[in-house]
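Everything below concerns the one structure shown next.
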Amino acid sequence: MSAHPTEKLSEFIDDELAAPERARIESHLSSCSQCARVVDDLRAVVSAAGAVEDSPPASDLWPAIARRLAPRHQGPRVVAIDSRRGPRRLSFSIPQLVAASLAVALLSAGAVWMAIRDGGGTTGPSTVAVPAGSEEPMTGVTVASGSAPQVFVEYESAVADLERLLDEISDDIDPDARRAIDRNLAIIDQAIQQTREALEADPNDDYLNTHLASTMQRKIDVLQEATRLVRTST
Amino acid sequence: MNQQMKTIMRTLSLALAASATLGGAVRGQTFQTDRTVDAQPGMRLQVENHFGRVTVRAWDRPAVRVQASHPSDVRVEVDVSGSLVQVEASHGGKSVEYVLTVPADMPLEIDVVQGEVDVSGTRAGMQIQSVNGAITVHGGDGSIDLGSVQGSITLEGARGEVHAESVNGRIQLRGIDSGRVTAETVNGAVSYEGSIRSDGWYRFSTHNGGIDLTIPANAGATFTASTFNGTLVTGFPVTLREAKEGKEFSFTLGSGGARIELETFNGTMSIRRPGQP
């Protein structure tokens with residue numbers, strides 16, 4: 001198996017694959033650190049979201065978040081974790097759902113790294129790695145699980161990686177387009193900041209939490225899409 | 001001015017004139033590519049352009065005509081392979097302006113980094129992405145996916161599943177006949193005028209901007225509307241249920257069949273009937 005089996009990883013951790021396919025994925029994971037880390041992170045998301053028993057049951061937000069994370073035709077497929085809900089009936093708190101949705105976004109970002117890096121002849125995504133001296137976790141969102149803030153740190157790390165990737169191909173980008181990208185990332189940052197400030201006053205607000213997640217996801221989408229468009233058109 | 005000086009000045013003038021002419025020719029040197037290839041039913045068109053406008057028009061011939069204006073050192077390639085007609089330029093960083101004429105039922109995939117996209121007259125699905133440039137589409141049928149980072153999106157007279165997404169730009173959807181519509185931007189208004197199907201799902205979202213829906217008077221839909229610092233105005237007689245005072249609303253129109261979600265952090269959400277101010 002030469003290509004990264006990103007689309008199958010969710011089914012893999014849910015043990016929903018037929019034995020031959022599972023064996024193929026296991027074989028791939030044994031030699032692919034990138035996919036192995038994605039699997040680890042996905043398991044961590046499931047674990048973090050399901051671990052906290054004393055959180056108040058959330059309203060059923062996952063469908064809305066999942067829809068916002070729907071795979072786009074251009075990019076790598078976002079791993080669907082809808083299927084994970086059914087029989088397990090996990091009760092996610094709202095901030096956990098935000099964290100989970102961001103983790104899924106990170107998987108998507110990581111897959112882009114894999115695709116682009118592999119195509120470019122270099123190795124290794126650093127998307128889900130937390131760099132030494134990285135920024136403090138985002139504040140303003142109270143996350144019940146102890147591991148959930150890590151997702152926010154990883155989000156920042158993923159964004160930094162994607163921005164660095166965009167910088168690397170900056171010479172190939174029309175200056176006006178590059179300025180537009182920067183301007184729009186700033187607009188998204190401002191929206192994120194405003195939402196975080198609103199959440200400080202009301203940490204469990206359904207709309208604000210999902211809005212924060214979708215806006216953060218949007219930033220990753222923009223970085224991925226801009227990189228893809230530049231790469232394919234030059 | 002003595003004779004020697006006159007000669008120098010004349011020579012200099014000629015040199016300057018020649019230089020200006022040559023420079024103008026180099027700067028303005030534009031080549032035209034004009035190629036037509038056969039296109040069988042079921043084929044799709046893929047265009048990648050780094051810099052320059054892409055215009056697409058439809059005709060009733062089973063062929064794709066590619067007209068492009070570009071510098072002389074750029075080669076426009078039109079490749080037909082399997083079910084794909086692929087158009088791209090050899091020098092991605094230089095300006096290429098395309099006018100493409102396609103069968104009306106040919107699906108489109110268009111990627112542009114810097115430039116506008118204008119599509120008219122097609123009856124097919126399309127995926128159009130631009131980093132910096134507006135997208136305007138008249139027509140379309142099927143899966144319609146439009147995304148611009150910096151630029152407005154306008155879609156008129158389309159049928160099918162619609163997804164429109166921008167960061168800094170308004171989204172206008174008019175004359176839409178669809179059971180599934182999503183329109184999302186961060187900074188800009190979102191407007192929708194079109195049908196509401198009883199089994200449909202419609203989602204409109206912005207961070208900073210208003211949302212304006214014009215829907216049939218007999219529409220049946222269940223609405224949820226969320227905001228942080230905005231308001232909701234409806235031209236329909238409804239009974240509002242407030243899950244959170246002033247911030248989260250829900251209400252039902254008619255049979256309540258369709259699902260409509262509205263979200264704006266800052267802005268007014270308006271729901272009106274056709275012709276209603």
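The way I read the labels, and the way they are meant: chains A, B, ... in the order of the structure tokens, residue 1 as the first residue of every chain, and ligand 1 as the first ligand shown, with later ones counted on from there.
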
Quick check: residues of chain B within 6 Å of chain A, only C-alpha atoms, returned as a short mmCIF file (atom, residue, chain, number, x, y, z; two decimals) with C-alpha atoms, in the first residue's frame.
```cif
data_model
loop_
_atom_site.label_atom_id
_atom_site.label_comp_id
_atom_site.auth_asym_id
_atom_site.auth_seq_id
_atom_site.Cartn_x
_atom_site.Cartn_y
_atom_site.Cartn_z
CA GLU B 48 -6.06 25.81 -13.87
CA ASN B 49 -5.00 29.42 -14.11
CA HIS B 50 -2.66 31.24 -11.79
CA GLY B 92 1.72 29.53 -14.43
CA GLN B 114 -5.58 35.62 -8.97
CA ASN B 132 -8.40 36.43 -5.04
#
```

Quick one: everything within 12 Å of Ser143 of chain B, counting only C-alpha atoms, minus sequence neighbours fewer than 2 positions away in the same chain. Send it as a JSON list (two decimals) with N, CA and C atoms, in the first residue's frame.
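Output saved as around-v1.json:
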```json
[["chain", "number", "residue", "atom", "x", "y", "z"],
["A", 72, "ARG", "N", -14.36, 18.25, 1.41],
["A", 72, "ARG", "CA", -14.47, 19.00, 0.17],
["A", 72, "ARG", "C", -13.81, 18.20, -0.93],
["A", 73, "HIS", "N", -14.25, 18.44, -2.12],
["A", 73, "HIS", "CA", -13.79, 17.59, -3.20],
["A", 73, "HIS", "C", -12.30, 17.73, -3.45],
["B", 107, "PRO", "N", -19.67, 19.40, -17.14],
["B", 107, "PRO", "CA", -19.24, 19.83, -15.80],
["B", 107, "PRO", "C", -17.91, 20.58, -15.86],
["B", 108, "LEU", "N", -17.78, 21.52, -14.93],
["B", 108, "LEU", "CA", -16.60, 22.39, -14.93],
["B", 108, "LEU", "C", -15.83, 22.27, -13.62],
["B", 109, "GLU", "N", -14.51, 22.29, -13.75],
["B", 109, "GLU", "CA", -13.64, 22.39, -12.57],
["B", 109, "GLU", "C", -12.64, 23.50, -12.87],
["B", 123, "ARG", "N", -25.56, 24.15, -18.00],
["B", 123, "ARG", "CA", -26.59, 23.37, -17.30],
["B", 123, "ARG", "C", -25.93, 22.16, -16.66],
["B", 124, "ALA", "N", -24.83, 22.37, -16.02],
["B", 124, "ALA", "CA", -24.08, 21.27, -15.42],
["B", 124, "ALA", "C", -23.56, 21.67, -14.06],
["B", 125, "GLY", "N", -23.01, 20.68, -13.36],
["B", 125, "GLY", "CA", -22.40, 20.97, -12.08],
["B", 125, "GLY", "C", -21.05, 21.64, -12.27],
["B", 126, "MET", "N", -20.54, 22.21, -11.21],
["B", 126, "MET", "CA", -19.25, 22.90, -11.32],
["B", 126, "MET", "C", -18.58, 23.04, -9.97],
["B", 127, "GLN", "N", -17.27, 23.06, -10.02],
["B", 127, "GLN", "CA", -16.46, 23.32, -8.83],
["B", 127, "GLN", "C", -15.51, 24.44, -9.20],
["B", 128, "ILE", "N", -15.67, 25.58, -8.57],
["B", 128, "ILE", "CA", -14.86, 26.75, -8.92],
["B", 128, "ILE", "C", -14.23, 27.31, -7.65],
["B", 139, "GLY", "N", -26.65, 30.20, -14.11],
["B", 139, "GLY", "CA", -26.99, 28.86, -14.55],
["B", 139, "GLY", "C", -26.32, 27.82, -13.68],
["B", 140, "GLY", "N", -26.31, 26.62, -14.17],
["B", 140, "GLY", "CA", -25.73, 25.52, -13.41],
["B", 140, "GLY", "C", -26.80, 24.56, -12.94],
["B", 141, "ASP", "N", -26.44, 23.30, -12.98],
["B", 141, "ASP", "CA", -27.39, 22.26, -12.56],
["B", 141, "ASP", "C", -26.58, 21.06, -12.08],
["B", 145, "ASP", "N", -20.28, 24.00, -6.47],
["B", 145, "ASP", "CA", -19.40, 24.29, -5.34],
["B", 145, "ASP", "C", -18.53, 25.48, -5.71],
["B", 146, "LEU", "N", -18.77, 26.60, -5.04],
["B", 146, "LEU", "CA", -18.06, 27.83, -5.38],
["B", 146, "LEU", "C", -17.33, 28.33, -4.14],
["B", 158, "ALA", "N", -29.66, 28.79, -10.65],
["B", 158, "ALA", "CA", -29.05, 27.45, -10.58],
["B", 158, "ALA", "C", -30.02, 26.45, -9.96],
["B", 159, "ARG", "N", -29.79, 25.19, -10.35],
["B", 159, "ARG", "CA", -30.52, 24.08, -9.75],
["B", 159, "ARG", "C", -29.50, 23.10, -9.20],
["B", 160, "GLY", "N", -29.92, 22.34, -8.18],
["B", 160, "GLY", "CA", -29.01, 21.32, -7.68],
["B", 160, "GLY", "C", -28.51, 21.65, -6.29],
["B", 161, "GLU", "N", -27.47, 20.96, -5.91],
["B", 161, "GLU", "CA", -26.91, 21.15, -4.57],
["B", 161, "GLU", "C", -25.89, 22.29, -4.62],
["B", 162, "VAL", "N", -26.09, 23.27, -3.77],
["B", 162, "VAL", "CA", -25.28, 24.48, -3.85],
["B", 162, "VAL", "C", -24.45, 24.65, -2.58],
["B", 163, "HIS", "N", -23.16, 24.88, -2.80],
["B", 163, "HIS", "CA", -22.29, 25.22, -1.68],
["B", 163, "HIS", "C", -21.46, 26.43, -2.10],
["B", 164, "ALA", "N", -21.56, 27.51, -1.34],
["B", 164, "ALA", "CA", -20.80, 28.73, -1.65],
["B", 164, "ALA", "C", -20.08, 29.18, -0.40],
["B", 178, "SER", "N", -33.31, 24.50, -5.24],
["B", 178, "SER", "CA", -32.43, 23.50, -4.64],
["B", 178, "SER", "C", -33.01, 23.00, -3.33],
["B", 179, "GLY", "N", -32.67, 21.77, -3.01],
["B", 179, "GLY", "CA", -33.05, 21.22, -1.72],
["B", 179, "GLY", "C", -31.91, 21.21, -0.73],
["B", 180, "ARG", "N", -30.76, 21.65, -1.17],
["B", 180, "ARG", "CA", -29.62, 21.68, -0.25],
["B", 180, "ARG", "C", -28.72, 22.86, -0.61],
["B", 181, "VAL", "N", -28.65, 23.81, 0.30],
["B", 181, "VAL", "CA", -27.86, 25.02, 0.06],
["B", 181, "VAL", "C", -27.08, 25.36, 1.30],
["B", 182, "THR", "N", -25.80, 25.61, 1.13],
["B", 182, "THR", "CA", -25.02, 26.19, 2.22],
["B", 182, "THR", "C", -24.27, 27.39, 1.66]]
```

Item to check | Point-to-point distance from atom CA of Asp40 of chain A to atom CA of Ala19 of chain A, Å rounded to tenths | outcome: 20.3 Å

Checklist entry - Which residues, written as a PyMOL selection string, have at least one atom at most 8 Å from Ile153 of chain B, with only C-alpha atoms counted and residues fewer than 2 positions away on the same chain left out? => result chain B and resi 134-136+146-148+151+155+164-166+169-172

So that I can see what lies close to Asp38 of chain B, please list as a compact mmCIF listing (two decimals) with C-alpha atoms, in the first residue's frame the residues with an atom at most 9 Å from it, counting only C-alpha atoms and leaving out residues fewer than 4 positions away in the same chain.
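After the write, selection_18.txt holds the following:
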```txt
# COMPACT_ATOMS: atom_id res chain seq x y z
CA ARG B 61 -21.85 22.02 -30.10
CA PRO B 62 -20.09 18.89 -28.75
CA ALA B 63 -16.80 20.71 -28.56
CA VAL B 64 -14.71 22.95 -26.36
CA ARG B 65 -13.24 26.12 -27.80
CA VAL B 80 -7.98 15.61 -24.00
```

Item to check | Surrounding residues of Asp73 of chain B excluding itself and chain neighbours under 5 positions, 10 Å, only C-alpha atoms, as a ChimeraX atom specification | outcome: /B:29-31,90-91,94

Next on the checklist: Using Å and a single decimal, report how far atom CA of Leu173 of chain B sits from atom CA of Thr154 of chain B.
Outcome noted: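 Calculated distance between atom CA of Thr154 of chain B and atom CA of Leu173 of chain B is 6.0 Å.
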
Item to check | DSSP-assigned strand (DSSP E) members of segment 58-203 of chain B, reported as an MDAnalysis selection string | outcome: chainID B and resid 58:59 63:70 76:81 84:89 97:103 108:114 117:122 126:132 135:139 141:150 153:156 159:168 171:176 180:184 190:194 201:203

Store the residues picked out above, limited to C-alpha atoms, as a compact mmCIF listing (two decimals), in the first residue's frame.
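Final output, saved to result_31.txt:
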```
# COMPACT_ATOMS: atom_id res chain seq x y z
CA ALA B 58 -22.06 27.63 -23.38
CA TRP B 59 -23.03 26.52 -26.84
CA ALA B 63 -16.80 20.71 -28.56
CA VAL B 64 -14.71 22.95 -26.36
CA ARG B 65 -13.24 26.12 -27.80
CA VAL B 66 -10.31 27.61 -25.93
CA GLN B 67 -9.45 31.21 -26.64
CA ALA B 68 -6.62 32.64 -24.60
CA SER B 69 -4.66 35.88 -24.55
CA HIS B 70 -1.18 35.52 -23.14
CA VAL B 76 -1.53 27.18 -23.54
CA GLU B 77 -2.05 23.46 -23.49
CA VAL B 78 -5.34 21.75 -24.21
CA ASP B 79 -5.21 18.11 -23.38
CA VAL B 80 -7.98 15.61 -24.00
CA SER B 81 -7.60 12.43 -22.07
CA LEU B 84 -11.25 15.03 -19.20
CA VAL B 85 -10.49 18.15 -21.19
CA GLN B 86 -7.68 19.89 -19.39
CA VAL B 87 -6.59 23.47 -20.02
CA GLU B 88 -3.54 25.04 -18.48
CA ALA B 89 -0.69 27.36 -19.31
CA GLU B 97 -7.06 35.45 -19.96
CA TYR B 98 -9.33 32.64 -21.05
CA VAL B 99 -12.60 32.60 -22.89
CA LEU B 100 -13.89 29.06 -23.04
CA THR B 101 -16.95 27.89 -24.88
CA VAL B 102 -18.27 24.54 -23.77
CA PRO B 103 -21.24 22.22 -24.22
CA LEU B 108 -16.60 22.39 -14.93
CA GLU B 109 -13.64 22.39 -12.57
CA ILE B 110 -11.92 25.75 -12.45
CA ASP B 111 -9.07 26.81 -10.17
CA VAL B 112 -7.75 30.37 -10.21
CA VAL B 113 -5.29 32.01 -7.86
CA GLN B 114 -5.58 35.62 -8.97
CA VAL B 117 -14.33 33.68 -12.92
CA ASP B 118 -17.47 34.32 -14.93
CA VAL B 119 -19.64 31.42 -16.06
CA SER B 120 -22.88 31.73 -17.97
CA GLY B 121 -25.33 29.49 -19.74
CA THR B 122 -24.26 26.09 -18.50
CA MET B 126 -19.25 22.90 -11.32
CA GLN B 127 -16.46 23.32 -8.83
CA ILE B 128 -14.86 26.75 -8.92
CA GLN B 129 -12.20 28.00 -6.55
CA SER B 130 -10.42 31.33 -6.50
CA VAL B 131 -8.01 32.82 -4.01
CA ASN B 132 -8.40 36.43 -5.04
CA ILE B 135 -17.01 34.33 -8.93
CA THR B 136 -20.13 34.96 -10.96
CA VAL B 137 -22.25 32.14 -12.28
CA HIS B 138 -25.49 32.29 -14.25
CA GLY B 139 -26.99 28.86 -14.55
CA ASP B 141 -27.39 22.26 -12.56
CA GLY B 142 -26.08 19.54 -10.30
CA SER B 143 -23.42 19.86 -7.64
CA ILE B 144 -22.35 23.48 -7.56
CA ASP B 145 -19.40 24.29 -5.34
CA LEU B 146 -18.06 27.83 -5.38
CA GLY B 147 -15.29 29.09 -3.14
CA SER B 148 -13.37 32.34 -3.02
CA VAL B 149 -11.07 33.54 -0.29
CA GLN B 150 -11.17 37.19 -1.26
CA ILE B 153 -19.82 35.03 -5.04
CA THR B 154 -22.91 35.49 -7.17
CA LEU B 155 -25.00 32.57 -8.33
CA GLU B 156 -28.18 33.04 -10.32
CA ARG B 159 -30.52 24.08 -9.75
CA GLY B 160 -29.01 21.32 -7.68
CA GLU B 161 -26.91 21.15 -4.57
CA VAL B 162 -25.28 24.48 -3.85
CA HIS B 163 -22.29 25.22 -1.68
CA ALA B 164 -20.80 28.73 -1.65
CA GLU B 165 -18.01 29.83 0.62
CA SER B 166 -15.97 32.98 0.98
CA VAL B 167 -13.92 34.68 3.66
CA ASN B 168 -14.06 38.31 2.73
CA ILE B 171 -22.56 35.77 -1.21
CA GLN B 172 -25.62 36.34 -3.35
CA LEU B 173 -27.80 33.44 -4.40
CA ARG B 174 -30.75 34.35 -6.60
CA GLY B 175 -33.33 32.30 -8.42
CA ILE B 176 -32.11 29.09 -6.85
CA ARG B 180 -29.62 21.68 -0.25
CA VAL B 181 -27.86 25.02 0.06
CA THR B 182 -25.02 26.19 2.22
CA ALA B 183 -23.53 29.66 2.03
CA GLU B 184 -20.82 30.70 4.44
CA VAL B 190 -25.33 36.50 2.62
CA SER B 191 -28.52 36.64 0.61
CA TYR B 192 -30.75 33.89 -0.76
CA GLU B 193 -33.75 34.11 -3.00
CA GLY B 194 -35.21 30.86 -4.15
CA TRP B 201 -31.79 21.74 4.21
CA TYR B 202 -30.49 25.28 4.00
CA ARG B 203 -27.70 26.84 5.97
```

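Residues in contact with Leu9 of chain A at 7 Å, where only C-alpha atoms are counted and same-chain residues fewer than 4 positions away are skipped, are listed as Pro5, Ile13 and Val39 of chain A.
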
Convert the current residue selection to file output with N, CA and C atoms, as a compact mmCIF listing (two decimals), in the first residue's frame.
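Contents of the output file out_10.txt:
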```
# COMPACT_ATOMS: atom_id res chain seq x y z
N PRO A 5 -3.61 5.70 3.66
CA PRO A 5 -5.03 5.28 3.70
C PRO A 5 -5.85 6.16 4.63
N ILE A 13 -9.82 2.40 13.37
CA ILE A 13 -9.82 2.47 14.83
C ILE A 13 -11.15 2.00 15.41
N VAL A 39 -3.50 8.12 13.57
CA VAL A 39 -4.31 7.13 14.29
C VAL A 39 -4.25 7.41 15.79
```

Checklist entry - Could you work out how far atom CA of Ser152 of chain B lies from atom CA of Gly133 of chain B, giving the answer in Å with one decimal? => result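 Going from atom CA of Gly133 of chain B over to atom CA of Ser152 of chain B, I get 7.5 Å.
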